[in-house]
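A.B. asks: Below you'll find the structure I mean.
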Amino acid sequence: MSPPAADLADSALIPAVVPPGHWLSGYRPPAGCWDEVLDDGGTVRPEWRALADATSGWSAVDWGRRREEMARLLRDHGATYNVYSDARGVARPWQLDALPLLVGHGEFEEVAAGLGQRLRLLNAILDDWYGPQRLLRDGWVPPSIVLGNPGYLREAWGSDGRAPRLMMLGCDLARGPDGRWTVLADRAQAPSGKGYALENRTVLARVWPGIFRDCGVRPLADFFETQREALRSWAPSMRGEPMVVLLSPGPFNETYFEHAFKARYLGFPLVEGADLTVRDRRVYLKTLEGLRRVDVIIRRVDDVCCDPLELRADAWLGVAGLAEACRAGHVTVANALGTGVVETAALFPFLPGLCRHLLGEELRLPQATTWWLGQRAERQAVLAERDRWVIKNAFVGQPFDPVFLAQADEPTKRAVLERVAADPDSFVAQEPLRLSTMPTWHEGRLEPRRLVWRAFVLAGPEGPQVMPGGLTRVSRDAAGSVVTMQYGGLSKDTWVLGHEPDCGPSAPAPPVVIRPARPAAGVPSRQADHLFWMGRHAERLEHVVRLVRSALRRHAGEKTGQQATELEVVLHLLERTRELPRPGREEAGRPALDRLRPLLADPGAPDAVPALARRLRFNASAARDRLSDDMWRLVNRLDTLAVPVDPGLATPAALLDQLDSLILGLAALAGMEAENMTRGHGWRFLQLGRRVERALNGLELCGETARAGERPSAFLPPLLELCDSVMTYRRLYVAAPQFLPVMDLLIADESNPRSTAFQLHWLARQTAQLPRDTGPAGSLREKEAADQLLSALSSFSLQSLAAMDPAAAAQRVAAVCQSLGHGLESFSELLTAHYFNHALPKVR
């Protein structure tokens, strides 16, 4: 949270000195504070001239079109920021403004030098606090700031590996009225924002083709490549290819999109605490093939939640025994456990002296004026000018919102000062900073918004490396003094202008290795579980969509007796397969459309289209790093297509358009899986889920048809349509549908990709490729179960059924369908028990 800013409405406004009709002509920043685009005379600043000239002919309509394109790309990418206290909190769309923050080459080099120094300084402080603690004994830092800080973890004391404790530092920077960048806060625990910065850059590069080159914007890719190599180089032991994972709290975390995005971009597995285990003080990833040793963990879980054995016992986001593995030096955690202790604002007044003492240098970057109230003299000075200050928590994570004393009423001031007097060590006083402003689009016009730039610096093997960009955030409204995404702020891309630094001659390229030998894919058991259920929910969603579409077609079609009969059949199938509640006596006369609406519009109904689409997206998001960008876009579009149509527009034609679009989207997703996914265990379990669910749905429909009694012929046309086999039947038989030929096509025909036989043969082939238990014979349980299902299917013979009485033949078909359905459910439970509930004993 930023210090307060003066109300923009009370400030004089500066008109922009630009040609009439220029999109900046209506922009009026306040006087008395730094504006990023206009100087005090309203002239465009030098860094902005190239961009202002390149876009001089753009109208408000042009900007609006680009903003719409940006929103569409962010939606397709699934970019979200979850806010727990917001009713829209889960999967809230990420907000990005079309105008970036521009940072000149010279000022970036100055900031980069200061950030590199700050990283070295904080690492030196951490090494002392978790080591000899000379700074405490010699009086350089009051012990209360360290030992009384909840972020100081005694469980991390004494651990000393090859890697620096603080590998990545995020600094929130703001520009004051003098134009200098000032440090507001340090983010040392698990700094977020790098993935969002990369997403912002990806989107703007699509929307602004050519502008990047014209303005000389420095790319971000090299920074992430350096991060990838740095993480691999900090592995604790040189035992070949290091195993690096990104540890996330899971899909409900506020920045989960960033976790998945970064894991995919860096090429590291995205894992949760349940995916890891500690054996003999070493960390392993639980995969389908067995346990794989982990060398480096990129931590996105708060350190106090990382080990329920030694830290918070009620937090199960981490791994029991991780702290001991870190102390033993068998795993590197980035950032190390306990680094959150240097996030305290109470350290600010001591950093200049510490910098001179530890580094022999003056602190380069200015900081927000801050005093720790645990010191008597400083506390009395603050109380003497109390309206000058903001009272804040000294330690991160304490339940106390900042109080701006100049704006608070007397009872609030009195209550705050009483708390300070009772526990002064827990509070700091910070002088408000008048943040710079930045033009931001709002409802088709530009408004000045306060901004904070989060910059990132990495401890690379060759020294600190600063991202040539970062995440810029602006306040929610023009008068806002708070800059945070939690309170509805917007983000901006950050462009660093100028040439790439001279890195000297390039290193020789490594030798090319064609198809190098690699270890097994290492799919975590949890991800295999989610992929399996992603496949099942995709098929279940298609099944319900086809049923509802079939009913709507007959409801909106010709009002013939056959159409009416077939509509009753489809409604009966929906009732019997539990997607549609059976009507009570008072509902018997309700129109079919009214009965079908809940399946399309009720978000709480478990078998309705919106709920099934949400489950599909949830399981896909839990395995996000296994899916390509195009597959993820399709999943997001399916989620959007499943949103209920406005009741006033929900005509049968509109609903049929929605259902047709869902069918096409599901077909595209299946095509992506078939053509774009590597044939590893992740793809295999996704397809296993699909085949099991498709077979179960087909058997249920065929079983209901066989139990139809005297009117099975009325079920056959809808049944062929639901199983997408109308054209196949017509081509084979050139006749009206008959019961036994339809059953043969949908159950026993191995060439029909919608038949039960096709699914069972696929299961038998792919279960032979699943990982097996260690031992002489290995595990063949799944293969044996699939073979038993095929054996049971072999009793289904069209010739033998044709020789039977029609009623007896129908009973036989119903019995086969029921038996195979029970067998498939048992097969699914066998997969779950074997592969998803525990790790295999093999260790790699």
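FYI, nothing fancy with the structure tokens labels: chains A, B, ... in order, residues from 1 per chain, ligands from 1 as they appear.
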Find the spatial neighbours of Arg553 of chain A, counting only C-alpha atoms, within a cut-off of 10 Å - ignore same-chain residues fewer than 3 positions away - and output them as a PDB file with N, CA, C and O atoms, in the first residue's frame.

C.D. replies:
ATOM      1  N   VAL A 548     -29.356 -31.843 -24.288  1.00  0.00           N
ATOM      2  CA  VAL A 548     -30.192 -30.640 -24.266  1.00  0.00           C
ATOM      3  C   VAL A 548     -30.423 -30.132 -25.686  1.00  0.00           C
ATOM      4  O   VAL A 548     -31.533 -29.704 -26.035  1.00  0.00           O
ATOM      5  N   ARG A 549     -29.389 -30.163 -26.518  1.00  0.00           N
ATOM      6  CA  ARG A 549     -29.554 -29.702 -27.902  1.00  0.00           C
ATOM      7  C   ARG A 549     -30.568 -30.566 -28.652  1.00  0.00           C
ATOM      8  O   ARG A 549     -31.393 -30.059 -29.418  1.00  0.00           O
ATOM      9  N   SER A 550     -30.496 -31.870 -28.424  1.00  0.00           N
ATOM     10  CA  SER A 550     -31.444 -32.763 -29.092  1.00  0.00           C
ATOM     11  C   SER A 550     -32.882 -32.448 -28.680  1.00  0.00           C
ATOM     12  O   SER A 550     -33.793 -32.429 -29.514  1.00  0.00           O
ATOM     13  N   ALA A 556     -38.221 -26.968 -30.911  1.00  0.00           N
ATOM     14  CA  ALA A 556     -38.331 -25.834 -31.837  1.00  0.00           C
ATOM     15  C   ALA A 556     -38.619 -26.266 -33.265  1.00  0.00           C
ATOM     16  O   ALA A 556     -38.810 -25.414 -34.131  1.00  0.00           O
ATOM     17  N   GLY A 557     -38.662 -27.567 -33.549  1.00  0.00           N
ATOM     18  CA  GLY A 557     -38.838 -28.035 -34.916  1.00  0.00           C
ATOM     19  C   GLY A 557     -40.305 -28.152 -35.312  1.00  0.00           C
ATOM     20  O   GLY A 557     -41.201 -27.552 -34.708  1.00  0.00           O
ATOM     21  N   GLU A 558     -40.530 -28.938 -36.341  1.00  0.00           N
ATOM     22  CA  GLU A 558     -41.898 -29.157 -36.802  1.00  0.00           C
ATOM     23  C   GLU A 558     -42.704 -29.869 -35.714  1.00  0.00           C
ATOM     24  O   GLU A 558     -42.220 -30.801 -35.071  1.00  0.00           O
ATOM     25  N   GLN A 563     -41.929 -35.860 -33.841  1.00  0.00           N
ATOM     26  CA  GLN A 563     -41.095 -34.912 -33.091  1.00  0.00           C
ATOM     27  C   GLN A 563     -41.498 -34.892 -31.624  1.00  0.00           C
ATOM     28  O   GLN A 563     -40.658 -34.871 -30.726  1.00  0.00           O
ATOM     29  N   LEU A 567     -39.195 -35.961 -28.545  1.00  0.00           N
ATOM     30  CA  LEU A 567     -38.928 -35.014 -27.456  1.00  0.00           C
ATOM     31  C   LEU A 567     -39.174 -35.671 -26.110  1.00  0.00           C
ATOM     32  O   LEU A 567     -38.376 -35.522 -25.168  1.00  0.00           O
ATOM     33  N   PRO A 652     -35.307 -20.263 -28.124  1.00  0.00           N
ATOM     34  CA  PRO A 652     -34.745 -21.551 -28.554  1.00  0.00           C
ATOM     35  C   PRO A 652     -33.617 -21.400 -29.567  1.00  0.00           C
ATOM     36  O   PRO A 652     -32.621 -22.124 -29.511  1.00  0.00           O
ATOM     37  N   ALA A 653     -33.757 -20.453 -30.507  1.00  0.00           N
ATOM     38  CA  ALA A 653     -32.699 -20.264 -31.508  1.00  0.00           C
ATOM     39  C   ALA A 653     -31.405 -19.803 -30.854  1.00  0.00           C
ATOM     40  O   ALA A 653     -30.310 -20.287 -31.192  1.00  0.00           O
ATOM     41  N   LEU A 656     -29.869 -22.732 -28.970  1.00  0.00           N
ATOM     42  CA  LEU A 656     -29.266 -23.699 -29.895  1.00  0.00           C
ATOM     43  C   LEU A 656     -27.936 -23.181 -30.429  1.00  0.00           C
ATOM     44  O   LEU A 656     -26.985 -23.958 -30.597  1.00  0.00           O
TER      45      LEU A 656
END

A.B. asks: List the spatial neighbours of Phe758 of chain A as a PyMOL selection string - criterion: any atom at most 12 Å away, only C-alpha atoms, same-chain residues fewer than 6 positions off excluded.

C.D. replies: chain A and resi 691-692+694-695+698+745-752+764-765+789-790+793

A.B. asks: My list of candidates is A:Arg28, A:Ala377, A:Arg526, A:Leu696. Which is closest to Gln759 of chain A when distances are computed with only C-alpha atoms?

C.D. replies: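 Selected residue with least distance to Gln759 of chain A: A:Leu696.
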
A.B. asks: Using only C-alpha atoms, pick whichever of A:Glu361, A:Met631, A:Ile145, A:Tyr265 has the shortest atom-to-atom distance to Glu225 of chain A.

C.D. replies: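 Among A:Glu361, A:Met631, A:Ile145, A:Tyr265, it is A:Tyr265 that comes nearest to Glu225 of chain A.
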
A.B. asks: Find the residues around segment 378-388 of chain A up to 7 Å (only C-alpha atoms counted), leave out those fewer than 5 positions away in its own chain, and share them as a list in words.

C.D. replies: Trp371, Leu373, Leu405, Ala406 and Glu431 of chain A

A.B. asks: Quick one: DSSP helix (DSSP H, G or I) residues in segment 701-842 of chain A, as a PyMOL selection string?

C.D. replies: chain A and resi 701-706+712-722+726-733+739-748+756-767+781-793+798-802+806-836

A.B. asks: Using only C-alpha atoms, determine which residues lie at most 10 Å from segment 19-23 of chain A, disregarding the query and same-chain residues fewer than 2 positions distant; provide the list as a list in words.

C.D. replies: Ala16, Val17, Ser25, Gly26, Tyr27, Ala52, Asp53, Thr55, Ser56, Gly57, Trp58, Ser59, Ala60, Trp63, Arg445 and Leu446 of chain A

A.B. asks: Give me the residues near segment 65-78 of chain A as an MDAnalysis selection string, where near means some atom within 10 Å (using only C-alpha atoms) and where sequence neighbours in that chain fewer than 3 positions away do not count.

C.D. replies: chainID A and resid 59:62 81 91:99 199:200 202:204 206:208 257 261 441 444 621 629:637 640

A.B. asks: I'd like the neighbourhood of segment 126-130 of chain A as a PyMOL selection string, where a residue qualifies if any of its atoms comes within 9 Å (using only C-alpha atoms), though same-chain residues fewer than 6 positions away should be ignored.

C.D. replies: chain A and resi 136+146+152-154+156-160+164-166+338-339+341-342

A.B. asks: Which residue gives the smallest distance to Arg419 of chain A among A:Phe404, A:Asn393, A:Leu288, A:Val452, with only C-alpha atoms counted?

C.D. replies: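 Ranked by minimum distance to Arg419 of chain A, first place goes to A:Asn393.
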
A.B. asks: Excluding Val296 of chain A and any residue of its chain fewer than 3 positions from it, enumerate the residues within 6 Å of it, using only C-alpha atoms, and give them as a ChimeraX atom specification.

C.D. replies: /A:235,244,331-333

A.B. asks: Check the smallest atom-to-atom distance from each of A:Ala174, A:Ala190, A:Val420, A:Ala808 to Gln367 of chain A using only C-alpha atoms, then report the winner.

C.D. replies: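 Closest residue, counting only C-alpha atoms: A:Ala174.
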
A.B. asks: So, with only C-alpha atoms as the atoms that count, which of A:Pro150, A:Gly522, A:Pro718, A:Pro142 lies closest to Arg293 of chain A?

C.D. replies: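 Using only C-alpha atoms, Arg293 of chain A sits closest to A:Gly522.
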
A.B. asks: Using only C-alpha atoms, pick whichever of A:Thr344, A:Thr832, A:Gln818, A:Gln562 has the shortest atom-to-atom distance to Gly703 of chain A.

C.D. replies: A:Gln818

A.B. asks: DSSP says strand (DSSP E) for which residues of segment 140-171 of chain A? Put them as a ChimeraX atom specification?

C.D. replies: /A:168-171
